[in-house]
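Text of the file upload-v5.csv, holding CSV, C-alpha atoms:
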```
chain,number,residue,atom,x,y,z
A,1,MET,CA,118.4,117.8,114.3
A,2,ARG,CA,117.0,114.6,115.7
A,3,ARG,CA,117.3,111.4,113.6
A,4,TRP,CA,117.1,107.7,114.2
A,5,TYR,CA,120.3,105.6,114.5
A,6,VAL,CA,120.9,101.9,114.9
A,7,VAL,CA,122.2,100.3,118.1
A,8,GLN,CA,123.7,96.8,118.0
A,9,THR,CA,122.9,94.9,121.2
A,10,ARG,CA,124.5,91.9,122.8
A,11,PRO,CA,122.9,88.6,121.8
A,12,ARG,CA,119.3,88.3,123.1
A,13,ASP,CA,119.7,91.5,125.1
A,14,GLU,CA,117.5,93.9,123.1
A,15,SER,CA,115.0,94.5,125.9
A,16,THR,CA,117.8,95.1,128.5
A,17,ALA,CA,119.5,97.6,126.2
A,18,LEU,CA,116.3,99.4,125.6
A,19,PHE,CA,115.5,99.6,129.3
A,20,HIS,CA,118.9,101.1,130.1
A,21,LEU,CA,118.9,103.5,127.2
A,22,THR,CA,115.5,104.8,128.3
A,23,ARG,CA,116.8,105.1,131.9
A,24,GLN,CA,119.6,107.4,130.5
A,25,GLY,CA,117.1,109.6,128.8
A,26,PHE,CA,117.4,108.3,125.3
A,27,GLU,CA,114.3,107.5,123.2
A,28,GLY,CA,114.6,104.0,121.9
A,29,TYR,CA,112.5,101.8,119.7
A,30,LEU,CA,112.5,98.0,119.6
A,31,PRO,CA,110.1,96.8,116.9
A,32,ARG,CA,108.7,93.4,117.7
A,33,PHE,CA,106.3,91.0,116.2
A,34,LEU,CA,104.4,87.9,117.3
A,35,LYS,CA,106.1,84.8,115.9
A,36,ARG,CA,104.4,81.4,115.7
A,37,ARG,CA,106.7,78.7,116.9
A,38,ARG,CA,106.4,74.9,116.8
A,39,HIS,CA,108.2,72.5,119.1
A,40,ALA,CA,107.4,69.0,120.1
A,41,ARG,CA,103.8,69.0,118.8
A,42,LYS,CA,103.1,72.3,120.5
A,43,VAL,CA,102.5,75.6,118.8
A,44,ASP,CA,102.9,78.9,120.7
A,45,ILE,CA,103.1,82.5,119.8
A,46,ALA,CA,106.0,84.5,121.2
A,47,PRO,CA,107.1,88.2,120.9
A,48,VAL,CA,110.4,88.5,119.1
A,49,PRO,CA,112.4,91.4,117.8
A,50,LEU,CA,111.9,92.3,114.1
A,51,PHE,CA,115.7,92.8,113.8
A,52,PRO,CA,117.4,90.4,116.3
A,53,GLY,CA,120.4,92.1,117.9
A,54,TYR,CA,119.4,95.6,116.9
A,55,LEU,CA,117.2,98.5,118.0
A,56,PHE,CA,116.8,102.1,117.1
A,57,VAL,CA,117.6,105.2,119.1
A,58,ALA,CA,116.6,108.8,118.4
A,59,LEU,CA,119.4,111.3,118.8
A,60,ASP,CA,120.3,114.9,118.1
A,61,LEU,CA,124.1,114.4,117.7
A,62,ALA,CA,124.8,118.1,118.4
A,63,ALA,CA,123.0,118.1,121.8
A,64,ALA,CA,123.1,114.5,123.0
A,65,ARG,CA,126.0,112.8,124.8
A,66,TRP,CA,125.7,109.9,122.4
A,67,ARG,CA,129.1,108.3,123.1
A,68,SER,CA,127.7,107.1,126.5
A,69,ILE,CA,125.6,104.6,124.5
A,70,HIS,CA,128.6,102.5,123.9
A,71,GLY,CA,128.9,101.8,127.7
A,72,THR,CA,125.2,101.0,128.2
A,73,VAL,CA,124.3,97.6,129.7
A,74,GLY,CA,123.1,95.3,126.9
A,75,VAL,CA,124.6,97.5,124.1
A,76,SER,CA,127.4,96.2,121.9
A,77,ARG,CA,127.9,99.3,119.9
A,78,LEU,CA,126.3,102.2,118.1
A,79,VAL,CA,126.5,101.5,114.3
A,80,CYS,CA,128.8,104.1,112.9
A,81,HIS,CA,130.2,105.2,109.6
A,82,GLY,CA,133.7,106.3,110.4
A,83,ASP,CA,133.6,108.1,113.8
A,84,ASN,CA,130.0,109.3,113.5
A,85,PRO,CA,126.8,107.3,114.0
A,86,ALA,CA,125.2,106.3,110.7
A,87,PRO,CA,121.7,107.7,110.4
A,88,VAL,CA,118.8,105.5,109.3
A,89,PRO,CA,117.3,106.8,106.1
A,90,ALA,CA,114.3,109.2,106.7
A,91,GLY,CA,111.0,107.5,107.0
A,92,VAL,CA,112.2,103.9,107.6
A,93,VAL,CA,111.4,103.9,111.4
A,94,GLU,CA,108.2,105.8,110.9
A,95,ASP,CA,107.1,103.2,108.2
A,96,ILE,CA,107.8,100.4,110.7
A,97,GLN,CA,105.8,102.2,113.4
A,98,GLY,CA,103.0,102.7,110.9
A,99,ARG,CA,102.7,98.9,110.5
A,100,GLU,CA,102.0,98.3,114.2
A,101,ASP,CA,98.6,97.1,115.4
A,102,PRO,CA,96.9,98.8,118.4
A,103,ALA,CA,98.8,96.5,120.8
A,104,GLY,CA,102.2,97.6,119.4
A,105,TRP,CA,103.1,94.5,117.4
A,106,VAL,CA,104.5,95.0,113.9
A,107,ILE,CA,102.2,93.4,111.3
A,108,LEU,CA,104.3,91.5,108.7
A,109,ARG,CA,101.6,90.4,106.3
A,110,PRO,CA,102.1,92.0,102.9
A,111,GLN,CA,99.4,94.5,101.9
A,112,THR,CA,97.3,93.4,98.9
A,113,SER,CA,94.4,95.0,97.1
A,114,LEU,CA,93.0,91.6,96.1
A,115,GLN,CA,89.7,90.6,97.5
A,116,GLN,CA,88.6,87.1,98.4
A,117,GLY,CA,86.6,85.6,95.5
A,118,GLN,CA,88.3,87.9,92.9
A,119,MET,CA,89.5,86.4,89.6
A,120,VAL,CA,93.3,86.5,89.3
A,121,GLU,CA,95.8,85.4,86.8
A,122,ILE,CA,99.2,83.8,87.6
A,123,SER,CA,101.9,85.6,85.6
A,124,ASN,CA,105.1,83.6,86.5
A,125,GLY,CA,106.3,80.1,87.3
A,126,PRO,CA,105.0,76.7,86.1
A,127,LEU,CA,101.3,77.8,86.4
A,128,ALA,CA,101.8,81.0,84.3
A,129,ASP,CA,98.8,82.2,82.4
A,130,LEU,CA,96.3,80.1,84.4
A,131,ARG,CA,93.3,81.9,85.9
A,132,GLY,CA,91.7,81.1,89.2
A,133,VAL,CA,89.9,82.5,92.3
A,134,PHE,CA,91.8,84.4,95.0
A,135,GLU,CA,91.2,82.7,98.4
A,136,GLY,CA,93.7,84.6,100.6
A,137,LEU,CA,97.2,84.6,102.0
A,138,ASP,CA,98.6,81.6,103.9
A,139,SER,CA,100.9,81.8,106.9
A,140,LYS,CA,104.0,81.9,104.7
A,141,GLU,CA,102.7,85.0,102.9
A,142,ARG,CA,101.9,83.2,99.7
A,143,VAL,CA,98.7,83.6,97.7
A,144,VAL,CA,96.2,80.7,97.8
A,145,VAL,CA,94.5,80.5,94.4
A,146,LEU,CA,91.7,78.0,93.5
A,147,LEU,CA,92.3,76.7,90.0
A,148,SER,CA,90.2,74.4,87.8
A,149,LEU,CA,92.5,71.7,86.4
A,150,LEU,CA,91.4,68.5,84.7
A,151,GLY,CA,87.8,68.8,85.8
A,152,ARG,CA,88.5,69.4,89.5
A,153,GLU,CA,89.3,72.3,91.7
A,154,VAL,CA,92.9,72.5,93.0
A,155,ARG,CA,94.4,74.9,95.5
A,156,ALA,CA,97.8,76.4,94.5
A,157,ARG,CA,100.1,78.5,96.6
A,158,VAL,CA,102.3,81.0,94.7
A,159,PRO,CA,104.3,84.1,95.7
A,160,LEU,CA,102.3,87.3,95.9
A,161,GLY,CA,104.3,88.9,93.1
A,162,TRP,CA,103.2,86.2,90.6
A,163,VAL,CA,99.5,87.0,90.9
A,164,GLN,CA,97.6,89.9,89.4
A,165,ALA,CA,93.9,90.7,89.2
A,166,THR,CA,92.1,90.1,85.9
A,167,ALA,CA,89.7,92.6,84.4
```

Could you express the structure from this file as structure tokens?
Amino acid sequence: MRRWYVVQTRPRDESTALFHLTRQGFEGYLPRFLKRRRHARKVDIAPVPLFPGYLFVALDLAAARWRSIHGTVGVSRLVCHGDNPAPVPAGVVEDIQGREDPAGWVILRPQTSLQQGQMVEISNGPLADLRGVFEGLDSKERVVVLLSLLGREVRARVPLGWVQATA
């Protein structure tokens, strides 16, 4: 039976490990996303691993020569429980693959059913019980809500879990 397992790689060697595992005939998966980085007044976007230092490999333990993974270039070890590789719970890798865009990058933005312009209520925190208009999600995955406070409109950023749609 074929399952997904976790391979720990050497630091910053995920792509090398994936390349050599693939050359040996193993099916590997390295989920990556586009990270926005700032440095010296410059902003760029770079592909980075979703789990730095780790990747997934699909194996049938009964048929595959999985012990050879330990000697693969770029690989530190196959994550094991005792003497046997520890399987990833069913559906985890498939869920990550389902969050990829057409280019293959994992989308990290949380999914929300809120629509721009919809009335929402803040349920937690210092702004609890206030109502406002949902404007969207910011780059730090927080909800931007337009509130009317003291006769003017103010934008507030709160965690997604603190906001719910009003009827």

* To do: Grab the atom CA of A:Val7 to atom CA of A:Ser76 distance for me, in Å with one decimal place.
  =>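 Going from atom CA of A:Val7 over to atom CA of A:Ser76 covers 7.6 Å.
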
- Message: Residues near stretch 62-72 of chain A, anyone? I mean within 8 Å using all atoms listed in the file, not counting same-chain ones fewer than 3 positions away, as a VMD selection string.
- Response: chain A and resid 1 17 20 to 21 59 75 to 78

- Task: May I ask which of the residues A:Leu147, A:Gly82, A:Ala165, A:Pro102 is the closest one to A:Glu121, counting only C-alpha atoms?
- Result: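 Nearest candidate to A:Glu121 out of A:Leu147, A:Gly82, A:Ala165, A:Pro102: A:Ala165.
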
What separates atom CA of A:Ile45 and atom CA of A:Tyr29 is a distance of 21.5 Å

Under the rule that only C-alpha atoms are counted, which of A:Arg10, A:Arg2, A:Arg142, A:Arg99 is the nearest residue to A:Leu50?
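Comparing A:Arg10, A:Arg2, A:Arg142, A:Arg99 against A:Leu50, the winner is A:Arg99.
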
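Proximity ranking of A:Trp4, A:Gly104, A:Leu160, A:Cys80 relative to A:Ala58 places A:Trp4 first, based on all atoms listed in the file.
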
Proximity to A:Val93 - best of A:Gly136, A:Pro31, A:Gly161, A:Pro11, only C-alpha atoms: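 Under the stated criterion, the closest residue is A:Pro31.
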
Practice item. For atom CA of A:Glu135 and atom CA of A:Asp95, determine how far apart the two atoms are, in Å to one decimal place. Key: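 The value is 27.7 Å.
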
Residues near A:Gln164, cut-off 12 Å, all atoms listed in the file, skip fewer than 6 positions along chain, as an NGL selection string: :A and (112-115 or 118-124 or 128-134 or 143 or 145 or 158)

So, with only C-alpha atoms as the atoms that count, which of A:Lys42, A:Glu141, A:Arg23, A:Leu61 lies closest to A:Ile107?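 Going through A:Lys42, A:Glu141, A:Arg23, A:Leu61 one by one, the smallest distance to A:Ile107 is for A:Glu141.
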
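Proximity ranking of A:Asp44, A:Asp138, A:Tyr54, A:Pro89 relative to A:Glu14 places A:Tyr54 first, based on only C-alpha atoms.
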